[in-house]
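Colleague: So that you have it, the file is query02.pdb, and it contains PDB, C-alpha atoms:
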ATOM      1  CA  MET A  65     108.593 126.676  85.931
ATOM      2  CA  ASN A  66     107.787 122.992  86.490
ATOM      3  CA  ASP A  67     107.076 121.807  90.021
ATOM      4  CA  ILE A  68     109.861 119.584  91.314
ATOM      5  CA  ILE A  69     108.610 116.193  92.487
ATOM      6  CA  LEU A  70     111.979 114.667  93.336
ATOM      7  CA  LYS A  71     115.467 116.118  93.566
ATOM      8  CA  THR A  72     118.520 114.304  94.845
ATOM      9  CA  THR A  73     121.894 115.942  95.414
ATOM     10  CA  ASN A  74     125.079 113.874  95.677
ATOM     11  CA  LEU A  75     123.143 110.896  97.000
ATOM     12  CA  THR A  76     125.565 108.208  98.147
ATOM     13  CA  LYS A  77     125.060 104.729  99.554
ATOM     14  CA  LYS A  78     127.943 102.596 100.806
ATOM     15  CA  TYR A  79     128.038  99.020 102.076
ATOM     16  CA  LYS A  80     131.393  98.793 103.857
ATOM     17  CA  ASP A  81     133.866  99.140 100.955
ATOM     18  CA  PHE A  82     131.242  98.845  98.196
ATOM     19  CA  ILE A  83     129.747 102.049  96.766
ATOM     20  CA  ALA A  84     126.232 101.264  95.530
ATOM     21  CA  LEU A  85     125.354 104.905  94.772
ATOM     22  CA  ASN A  86     128.030 107.434  93.960
ATOM     23  CA  ASN A  87     126.971 111.107  94.248
ATOM     24  CA  VAL A  88     123.725 110.661  92.322
ATOM     25  CA  SER A  89     121.984 113.932  91.437
ATOM     26  CA  VAL A  90     118.701 113.738  89.512
ATOM     27  CA  GLN A  91     115.584 115.854  89.150
ATOM     28  CA  ILE A  92     112.062 114.736  88.256
ATOM     29  CA  ASN A  93     109.396 117.331  87.508
ATOM     30  CA  LYS A  94     105.629 117.072  87.809
ATOM     31  CA  GLY A  95     104.144 115.145  84.901
ATOM     32  CA  ASP A  96     107.367 113.356  83.943
ATOM     33  CA  ILE A  97     107.647 109.709  83.097
ATOM     34  CA  TYR A  98     111.264 109.340  84.097
ATOM     35  CA  GLY A  99     113.044 106.270  82.784
ATOM     36  CA  LEU A 100     115.919 104.940  84.893
ATOM     37  CA  ILE A 101     118.102 102.789  82.649
ATOM     38  CA  GLY A 102     120.861 100.492  83.810
ATOM     39  CA  ARG A 103     122.144  96.967  83.725
ATOM     40  CA  ASN A 104     121.260  94.526  86.483
ATOM     41  CA  GLY A 105     123.251  95.615  89.531
ATOM     42  CA  ALA A 106     123.837  99.146  88.246
ATOM     43  CA  GLY A 107     122.164 100.750  91.265
ATOM     44  CA  LYS A 108     118.590 101.319  90.070
ATOM     45  CA  THR A 109     116.877  99.444  92.898
ATOM     46  CA  THR A 110     119.219 100.899  95.512
ATOM     47  CA  LEU A 111     118.387 104.423  94.359
ATOM     48  CA  MET A 112     114.657 103.704  94.578
ATOM     49  CA  LYS A 113     115.002 102.185  98.042
ATOM     50  CA  VAL A 114     116.943 105.178  99.312
ATOM     51  CA  ILE A 115     114.411 107.619  97.844
ATOM     52  CA  THR A 116     111.552 105.805  99.574
ATOM     53  CA  THR A 117     113.570 105.380 102.819
ATOM     54  CA  LEU A 118     113.433 101.591 102.523
ATOM     55  CA  SER A 119     117.210 101.884 102.806
ATOM     56  CA  ASP A 120     119.289 104.498 104.608
ATOM     57  CA  ARG A 121     121.628 106.722 102.620
ATOM     58  CA  THR A 122     125.216 107.285 103.580
ATOM     59  CA  SER A 123     125.232 110.940 102.512
ATOM     60  CA  GLY A 124     123.564 113.423 100.177
ATOM     61  CA  GLU A 125     120.192 115.148 100.134
ATOM     62  CA  ILE A 126     116.661 114.270  99.024
ATOM     63  CA  GLU A 127     113.809 116.668  98.279
ATOM     64  CA  LEU A 128     110.267 115.415  97.690
ATOM     65  CA  PHE A 129     107.581 117.810  96.513
ATOM     66  CA  GLU A 130     110.052 120.614  97.306
ATOM     67  CA  ASN A 131     110.294 119.534 100.963
ATOM     68  CA  SER A 132     113.757 118.873 102.353
ATOM     69  CA  ASP A 133     114.840 115.512 103.661
ATOM     70  CA  LYS A 134     114.267 116.783 107.194
ATOM     71  CA  ASP A 135     110.510 116.854 106.632
ATOM     72  CA  LEU A 136     109.538 113.815 104.567
ATOM     73  CA  THR A 137     107.009 112.213 106.926
ATOM     74  CA  GLN A 138     103.945 113.697 105.246
ATOM     75  CA  THR A 139     105.289 113.860 101.713
ATOM     76  CA  LYS A 140     105.999 110.116 101.715
ATOM     77  CA  ARG A 141     102.244 109.572 101.907
ATOM     78  CA  ARG A 142     102.009 111.038  98.410
ATOM     79  CA  ILE A 143     104.234 108.297  96.997
ATOM     80  CA  GLY A 144     103.286 104.818  95.854
ATOM     81  CA  CYS A 145     105.975 102.284  95.094
ATOM     82  CA  LEU A 146     106.458  98.819  93.712
ATOM     83  CA  ILE A 147     110.068  97.948  94.401
ATOM     84  CA  GLU A 148     109.781  94.508  95.898
ATOM     85  CA  ASN A 149     106.526  92.761  95.103
ATOM     86  CA  PRO A 150     104.222  92.599  98.118
ATOM     87  CA  ALA A 151     103.540  89.114  99.431
ATOM     88  CA  PHE A 152     100.102  88.472  97.984
ATOM     89  CA  PHE A 153      98.139  85.541  99.373
ATOM     90  CA  PRO A 154      97.640  82.858  96.700
ATOM     91  CA  ASN A 155      94.168  81.799  97.869
ATOM     92  CA  LEU A 156      92.803  85.346  98.171
ATOM     93  CA  SER A 157      91.249  87.303  95.346
ATOM     94  CA  ALA A 158      92.693  90.514  93.904
ATOM     95  CA  TYR A 159      90.181  92.528  95.916
ATOM     96  CA  ASP A 160      90.813  90.689  99.192
ATOM     97  CA  ASN A 161      94.577  90.963  98.806
ATOM     98  CA  LEU A 162      94.280  94.719  98.409
ATOM     99  CA  LYS A 163      91.764  94.830 101.259
ATOM    100  CA  TYR A 164      94.363  93.228 103.526
ATOM    101  CA  TYR A 165      96.961  95.852 102.643
ATOM    102  CA  ALA A 166      94.408  98.663 102.856
ATOM    103  CA  ILE A 167      93.777  97.676 106.463
ATOM    104  CA  GLN A 168      97.534  97.654 107.106
ATOM    105  CA  LYS A 169      97.773 101.159 105.654
ATOM    106  CA  GLY A 170      94.799 102.431 107.657
ATOM    107  CA  ILE A 171      92.643 102.950 104.569
ATOM    108  CA  VAL A 172      88.957 102.768 105.518
ATOM    109  CA  ASP A 173      87.405 103.832 102.204
ATOM    110  CA  ASP A 174      86.913 100.669 100.133
ATOM    111  CA  THR A 175      86.365 102.733  96.986
ATOM    112  CA  GLN A 176      90.130 103.265  96.953
ATOM    113  CA  ILE A 177      90.469  99.515  96.389
ATOM    114  CA  THR A 178      87.959  99.389  93.563
ATOM    115  CA  ASP A 179      89.425 102.526  92.008
ATOM    116  CA  ALA A 180      92.934 101.046  92.070
ATOM    117  CA  LEU A 181      91.710  97.820  90.462
ATOM    118  CA  SER A 182      89.855  99.825  87.833
ATOM    119  CA  LEU A 183      92.939 101.881  86.954
ATOM    120  CA  VAL A 184      94.909  98.715  86.156
ATOM    121  CA  GLU A 185      91.919  97.026  84.480
ATOM    122  CA  LEU A 186      91.471  94.174  86.948
ATOM    123  CA  THR A 187      87.858  94.917  87.869
ATOM    124  CA  ASP A 188      86.458  92.029  85.819
ATOM    125  CA  ILE A 189      88.611  89.455  87.611
ATOM    126  CA  LYS A 190      88.720  91.011  91.069
ATOM    127  CA  LYS A 191      87.279  87.800  92.601
ATOM    128  CA  ARG A 192      89.753  85.464  90.901
ATOM    129  CA  LYS A 193      92.322  83.906  93.231
ATOM    130  CA  PHE A 194      95.835  85.278  92.951
ATOM    131  CA  LYS A 195      97.320  81.804  92.360
ATOM    132  CA  ASN A 196      95.412  81.688  89.059
ATOM    133  CA  PHE A 197      96.811  85.000  87.789
ATOM    134  CA  SER A 198      99.104  85.301  84.784
ATOM    135  CA  LEU A 199     102.401  87.150  85.269
ATOM    136  CA  GLY A 200     100.900  90.239  83.654
ATOM    137  CA  MET A 201      97.939  90.176  86.057
ATOM    138  CA  LYS A 202     100.301  89.814  89.025
ATOM    139  CA  GLN A 203     102.252  92.852  87.848
ATOM    140  CA  ARG A 204      99.012  94.810  87.480
ATOM    141  CA  LEU A 205      97.937  93.897  90.998
ATOM    142  CA  GLY A 206     101.305  95.092  92.268
ATOM    143  CA  ILE A 207     100.731  98.422  90.538
ATOM    144  CA  ALA A 208      97.231  98.592  92.035
ATOM    145  CA  PHE A 209      98.894  98.111  95.431
ATOM    146  CA  ALA A 210     101.134 101.113  94.665
ATOM    147  CA  LEU A 211      98.030 103.166  93.790
ATOM    148  CA  LEU A 212      96.053 102.405  96.973
ATOM    149  CA  ASP A 213      96.928 105.708  98.675
ATOM    150  CA  ASN A 214      95.970 107.808  95.624
ATOM    151  CA  PRO A 215      99.595 108.911  95.147
ATOM    152  CA  ASP A 216     100.860 111.832  93.096
ATOM    153  CA  PHE A 217     104.120 110.017  92.379
ATOM    154  CA  ILE A 218     104.732 106.305  91.814
ATOM    155  CA  ILE A 219     108.046 104.473  91.742
ATOM    156  CA  LEU A 220     108.169 101.199  89.821
ATOM    157  CA  ASP A 221     111.181  98.895  89.739
ATOM    158  CA  GLU A 222     111.340  96.876  86.501
ATOM    159  CA  PRO A 223     107.558  96.274  86.261
ATOM    160  CA  ILE A 224     107.846  94.916  82.690
ATOM    161  CA  ASN A 225     110.555  92.381  83.524
ATOM    162  CA  GLY A 226     109.628  88.908  82.282
ATOM    163  CA  LEU A 227     106.479  89.956  80.441
ATOM    164  CA  ASP A 228     105.707  88.971  76.865
ATOM    165  CA  PRO A 229     105.289  91.711  74.204
ATOM    166  CA  ILE A 230     101.509  91.855  74.654
ATOM    167  CA  GLY A 231     101.838  92.147  78.433
ATOM    168  CA  ILE A 232     104.423  94.913  78.032
ATOM    169  CA  SER A 233     102.157  96.766  75.609
ATOM    170  CA  HIS A 234      99.192  96.571  78.010
ATOM    171  CA  LEU A 235     101.244  97.874  80.919
ATOM    172  CA  ARG A 236     102.653 100.671  78.760
ATOM    173  CA  GLU A 237      99.126 101.867  78.013
ATOM    174  CA  THR A 238      98.272 101.654  81.710
ATOM    175  CA  PHE A 239     101.225 103.869  82.627
ATOM    176  CA  LYS A 240     100.290 106.401  79.951
ATOM    177  CA  LYS A 241      96.735 106.512  81.274
ATOM    178  CA  LEU A 242      97.923 107.055  84.842
ATOM    179  CA  ASN A 243     100.220 109.836  83.686
ATOM    180  CA  GLU A 244      97.957 111.607  81.195
ATOM    181  CA  GLU A 245      94.523 111.138  82.759
ATOM    182  CA  LYS A 246      95.378 111.028  86.459
ATOM    183  CA  GLY A 247      98.375 113.351  86.371
ATOM    184  CA  ILE A 248     100.615 110.875  88.182
ATOM    185  CA  THR A 249     104.354 111.409  87.872
ATOM    186  CA  ILE A 250     106.221 108.147  87.306
ATOM    187  CA  LEU A 251     109.752 106.930  87.994
ATOM    188  CA  ILE A 252     110.225 103.607  86.250
ATOM    189  CA  SER A 253     113.336 101.478  85.891
ATOM    190  CA  SER A 254     114.352  98.910  83.306
ATOM    191  CA  HIS A 255     117.350  97.523  81.472
ATOM    192  CA  ILE A 256     115.344  97.519  78.212
ATOM    193  CA  LEU A 257     115.852 100.975  76.677
ATOM    194  CA  SER A 258     113.752 100.300  73.581
ATOM    195  CA  GLU A 259     110.660  99.660  75.705
ATOM    196  CA  LEU A 260     111.120 102.692  77.955
ATOM    197  CA  TYR A 261     111.720 104.877  74.899
ATOM    198  CA  LEU A 262     108.091 104.307  73.909
ATOM    199  CA  LEU A 263     106.912 105.508  77.328
ATOM    200  CA  ALA A 264     109.264 107.938  79.065
ATOM    201  CA  ASN A 265     109.941 111.594  78.290
ATOM    202  CA  LYS A 266     113.196 111.778  80.264
ATOM    203  CA  PHE A 267     115.976 109.263  80.737
ATOM    204  CA  CYS A 268     118.742 108.705  83.249
ATOM    205  CA  PHE A 269     121.477 106.165  82.532
ATOM    206  CA  ILE A 270     123.186 104.683  85.575
ATOM    207  CA  GLU A 271     126.208 102.404  85.742
ATOM    208  CA  LYS A 272     128.061 101.197  88.838
ATOM    209  CA  GLY A 273     126.056 103.573  90.990
ATOM    210  CA  LYS A 274     126.904 106.682  88.951
ATOM    211  CA  VAL A 275     124.730 108.759  86.632
ATOM    212  CA  ILE A 276     126.511 108.631  83.277
ATOM    213  CA  LYS A 277     123.907 110.513  81.213
ATOM    214  CA  GLU A 278     120.615 112.335  81.723
ATOM    215  CA  LEU A 279     118.639 113.616  78.741
ATOM    216  CA  SER A 280     115.186 114.202  77.286
ATOM    217  CA  LYS A 281     113.464 111.940  74.774
ATOM    218  CA  GLU A 282     114.091 114.504  72.042
ATOM    219  CA  GLU A 283     117.794 114.614  72.871
ATOM    220  CA  LEU A 284     118.002 110.831  72.931
ATOM    221  CA  GLY A 285     116.275 110.679  69.554
ATOM    222  CA  LEU A 286     118.829 113.056  68.072
ATOM    223  CA  GLU A 287     121.701 111.105  69.612
ATOM    224  CA  CYS A 288     120.520 107.945  67.857
ATOM    225  CA  SER A 289     119.167 109.422  64.612
ATOM    226  CA  LYS A 290     120.919 108.968  61.290
ATOM    227  CA  CYS A 291     123.221 111.908  60.631
ATOM    228  CA  ILE A 292     126.472 113.043  59.024
ATOM    229  CA  PHE A 293     129.212 113.203  61.612
ATOM    230  CA  ILE A 294     131.784 115.922  60.943
ATOM    231  CA  LYS A 295     135.017 116.305  62.882
ATOM    232  CA  THR A 296     136.975 119.487  62.243
ATOM    233  CA  PRO A 297     138.976 122.110  64.172
ATOM    234  CA  ASP A 298     137.122 124.813  62.187
ATOM    235  CA  ILE A 299     133.731 124.503  63.883
ATOM    236  CA  THR A 300     132.730 128.174  63.537
ATOM    237  CA  LYS A 301     133.592 128.285  59.836
ATOM    238  CA  VAL A 302     131.781 125.010  59.165
ATOM    239  CA  CYS A 303     128.589 126.314  60.822
ATOM    240  CA  THR A 304     128.726 129.388  58.590
ATOM    241  CA  ILE A 305     129.212 127.272  55.466
ATOM    242  CA  LEU A 306     126.350 124.942  56.400
ATOM    243  CA  GLU A 307     123.974 127.862  56.787
ATOM    244  CA  GLN A 308     125.134 130.089  53.934
ATOM    245  CA  ASP A 309     126.323 127.673  51.261
ATOM    246  CA  LEU A 310     124.306 124.562  52.012
ATOM    247  CA  GLN A 311     121.246 126.447  53.279
ATOM    248  CA  THR A 312     120.612 124.263  56.326
ATOM    249  CA  THR A 313     120.317 124.738  60.062
ATOM    250  CA  LYS A 314     119.672 121.079  60.760
ATOM    251  CA  TYR A 315     122.827 120.489  62.747
ATOM    252  CA  ILE A 316     124.038 120.305  66.328
ATOM    253  CA  VAL A 317     127.459 121.280  67.618
ATOM    254  CA  ILE A 318     128.538 118.501  69.971
ATOM    255  CA  ASN A 319     131.836 119.947  71.163
ATOM    256  CA  LYS A 320     134.696 122.114  69.898
ATOM    257  CA  GLU A 321     135.520 119.633  67.124
ATOM    258  CA  GLU A 322     132.326 117.694  66.346
ATOM    259  CA  ILE A 323     129.072 118.453  64.522
ATOM    260  CA  ARG A 324     126.089 116.255  63.731
ATOM    261  CA  LEU A 325     124.332 117.252  60.494
ATOM    262  CA  TYR A 326     120.772 115.967  60.003
ATOM    263  CA  ASP A 327     120.517 117.073  56.391
ATOM    264  CA  TYR A 328     122.077 115.883  53.094
ATOM    265  CA  LEU A 329     121.904 112.321  54.397
ATOM    266  CA  ASP A 330     121.945 110.929  50.859
ATOM    267  CA  ASN A 331     124.495 113.463  49.613
ATOM    268  CA  SER A 332     127.328 113.514  52.116
ATOM    269  CA  SER A 333     129.777 113.913  49.223
ATOM    270  CA  ILE A 334     128.297 117.361  48.510
ATOM    271  CA  VAL A 335     128.935 118.367  52.118
ATOM    272  CA  ASN A 336     132.508 117.123  51.966
ATOM    273  CA  LYS A 337     133.200 118.828  48.600
ATOM    274  CA  THR A 338     131.794 122.136  49.850
ATOM    275  CA  LEU A 339     133.922 122.089  52.985
ATOM    276  CA  VAL A 340     137.081 121.191  51.067
ATOM    277  CA  THR A 341     136.375 123.980  48.562
ATOM    278  CA  HIS A 342     136.471 126.415  51.497
ATOM    279  CA  ASN A 343     139.798 124.950  52.656
ATOM    280  CA  ILE A 344     138.257 123.436  55.767
ATOM    281  CA  GLU A 345     140.345 120.794  57.501
ATOM    282  CA  VAL A 346     138.055 117.792  57.695
ATOM    283  CA  LYS A 347     139.422 115.177  60.062
ATOM    284  CA  GLU A 348     136.432 112.889  59.679
ATOM    285  CA  LEU A 349     133.146 112.889  57.796
ATOM    286  CA  LYS A 350     130.854 109.889  57.839
ATOM    287  CA  GLU A 351     127.215 108.866  57.876
ATOM    288  CA  THR A 352     126.255 107.403  61.222
ATOM    289  CA  GLY A 353     123.314 106.449  63.389
ATOM    290  CA  ILE A 354     122.878 103.748  66.001
ATOM    291  CA  SER A 355     120.130 101.708  67.607
ATOM    292  CA  LEU A 356     118.938 102.448  71.118
ATOM    293  CA  GLU A 357     120.558  99.260  72.372
ATOM    294  CA  ASP A 358     123.911 100.134  70.808
ATOM    295  CA  TYR A 359     123.665 103.658  72.229
ATOM    296  CA  PHE A 360     123.147 102.206  75.717
ATOM    297  CA  LYS A 361     125.997  99.740  75.211
ATOM    298  CA  ASN A 362     128.365 102.492  74.046
ATOM    299  CA  LEU A 363     127.484 104.684  77.028
ATOM    300  CA  VAL A 364     128.271 101.870  79.429
ATOM    301  CA  GLU A 365     131.541 101.031  77.694
ATOM    302  CA  GLU A 366     132.623 104.692  77.666
ATOM    303  CA  SER A 367     131.840 105.023  81.385
ATOM    304  CA  LEU A 368     134.247 102.195  82.192
ATOM    305  CA  TYR A 369     137.157 104.326  80.989
ATOM    306  CA  ASP A 370     136.152 107.560  82.748
TER     307      ASP A 370
END
Translate this structure into structure tokens?

Modeller:
Amino acid sequence: MNDIILKTTNLTKKYKDFIALNNVSVQINKGDIYGLIGRNGAGKTTLMKVITTLSDRTSGEIELFENSDKDLTQTKRRIGCLIENPAFFPNLSAYDNLKYYAIQKGIVDDTQITDALSLVELTDIKKRKFKNFSLGMKQRLGIAFALLDNPDFIILDEPINGLDPIGISHLRETFKKLNEEKGITILISSHILSELYLLANKFCFIEKGKVIKELSKEELGLECSKCIFIKTPDITKVCTILEQDLQTTKYIVINKEEIRLYDYLDNSSIVNKTLVTHNIEVKELKETGISLEDYFKNLVEESLYD
């Protein structure tokens, strides 16, 4: 069983009459890169602030490293976060900026500074003044700040926002290195699903403070993959026909009336003819498949009518 790094139960945050988080329940296991997806204002930053106690919750429970929310003092030391960029001094170097914050944090071992800079590949320019940094370098220094305490879990709020494709690619490789080589569990937010899809192994979609979908990368891939969509009241019979007559098990039953078939993609007419031959009532049969962006858009639109 995977170790639980973070678990929230019915986490709620209210500002007078505005509900910023509405009974949010999520779970992140050790080794996950957990992608939090939502539009601007959906509640991503609020959730991160509540988790890190930068903002008080109204109700609900938080567990960190399997410790209840009544005993988070020590476990918070195992978390690094980049939610609001620290105020770096423009005339100080990367090293001196981190040295300042290391002193604030009570860190006396300067190797933690050099190690953090090395992890984000800023060692070669550690003496360059911050005011001369590119946006990508500034983002990297922010991540180095989050790594100062040698955390087991880092929380990053839209770290790729505003970067060009090369900058995004470099940061993506940095996150993979932190996760795979250093064993750091990562919670990362963005409104760009296509970019997080290349990085994360689990996804949580949030809209108006509510979790509208949580799924693995494999499940998301299947949701978006090209398939034959079949709608019928005879689900059990159709499954039997697919396996016995069409010799395929490449299908998923979505609900009591819907199946996604990932076979016969160029021969949907054969599927339809076979079902009709067996007197199956076919309400709908079509080839389908959507982009990640359209999937996200459809989820949001569907949530508005729930």

Colleague: How many Å lie between CA of Tyr165 (chain A) and CA of Asp228 (chain A), rounded to one decimal?

Modeller: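 It comes out at 28.1 Å.
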
Colleague: Please list as a PyMOL selection string every residue within 8 Å of Asn93 (chain A), counting all atoms listed in the file and excluding residues in the same chain fewer than 2 positions away.

Modeller: chain A and resi 66-70+91+95-96+249

Colleague: Between region 197-307 of chain A and region 343-359 of chain A, at 6 Å or less, what are the per-residue closest atom pairs and their distances in Å? Count all atoms listed in the file, order by chain and rising residue number, and return it as a Markdown table.

Modeller:
| residue | atom | partner | partner_atom | distance |
| --- | --- | --- | --- | --- |
| A:Cys288 | CA | A:Ile354 | CA | 5.2 |
| A:Ser289 | CA | A:Gly353 | CA | 5.2 |
| A:Lys290 | CA | A:Gly353 | CA | 4.1 |
| A:Cys291 | CA | A:Thr352 | CA | 5.5 |
| A:Ile292 | CA | A:Glu351 | CA | 4.4 |
| A:Phe293 | CA | A:Lys350 | CA | 5.3 |
| A:Ile294 | CA | A:Leu349 | CA | 4.6 |
| A:Lys295 | CA | A:Glu348 | CA | 4.9 |
| A:Thr296 | CA | A:Val346 | CA | 5.0 |

Colleague: Output the selection as a JSON list (two decimals), keeping the file's coordinate frame - C-alpha atoms for each residue.

Modeller:
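Written file, result.json:
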[["chain", "number", "residue", "atom", "x", "y", "z"],
["A", 288, "CYS", "CA", 120.52, 107.94, 67.86],
["A", 289, "SER", "CA", 119.17, 109.42, 64.61],
["A", 290, "LYS", "CA", 120.92, 108.97, 61.29],
["A", 291, "CYS", "CA", 123.22, 111.91, 60.63],
["A", 292, "ILE", "CA", 126.47, 113.04, 59.02],
["A", 293, "PHE", "CA", 129.21, 113.20, 61.61],
["A", 294, "ILE", "CA", 131.78, 115.92, 60.94],
["A", 295, "LYS", "CA", 135.02, 116.30, 62.88],
["A", 296, "THR", "CA", 136.98, 119.49, 62.24]]

Colleague: Calculated over only C-alpha atoms, which of the candidates A:His234, A:Lys301, A:Lys80, A:Lys169 has the smallest distance to Lys320 (chain A)?

Modeller: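 Counting only C-alpha atoms, the residue closest to Lys320 (chain A) is A:Lys301.
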
Colleague: Evaluate the PyMOL selection byres ((chain A and resi 226) around 12) on the structure here and hand back the selected residues as a list of chain:residue names.

Modeller: A:Ser198, A:Leu199, A:Gly200, A:Lys202, A:Gln203, A:Glu222, A:Pro223, A:Ile224, A:Asn225, A:Leu227, A:Asp228, A:Pro229, A:Ile230, A:Gly231, A:Ile232, A:Ser254, A:His255, A:Ile256

Colleague: Of the candidates A:Gln308, A:Ala180, A:Tyr315, A:Lys272, which shows the shortest atom-to-atom distance to Leu242 (chain A), using only C-alpha atoms?

Modeller: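 Result for the nearest residue to Leu242 (chain A): A:Ala180.
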
Colleague: Just the residues within 9 Å of region 181-190 of chain A, please, counting all atoms listed in the file, with nothing from its chain fewer than 2 positions along; format it as a PyMOL selection string.

Modeller: chain A and resi 157-160+162+176-179+192-193+201+204-205+207-209+211+235+238-239+241-242

Colleague: Which residues are near Gly144 (chain A)? Cut-off 9 Å, all atoms listed in the file, ignore same chain within fewer than 3 positions. Put them as a count of residues only.

Modeller: 15

Colleague: Would you kindly translate the PyMOL selection byres ((chain A and resi 314) around 9) into the concrete residues it picks from this file, as a PyMOL selection string?

Modeller: chain A and resi 306-307+312-313+315-316+324-327
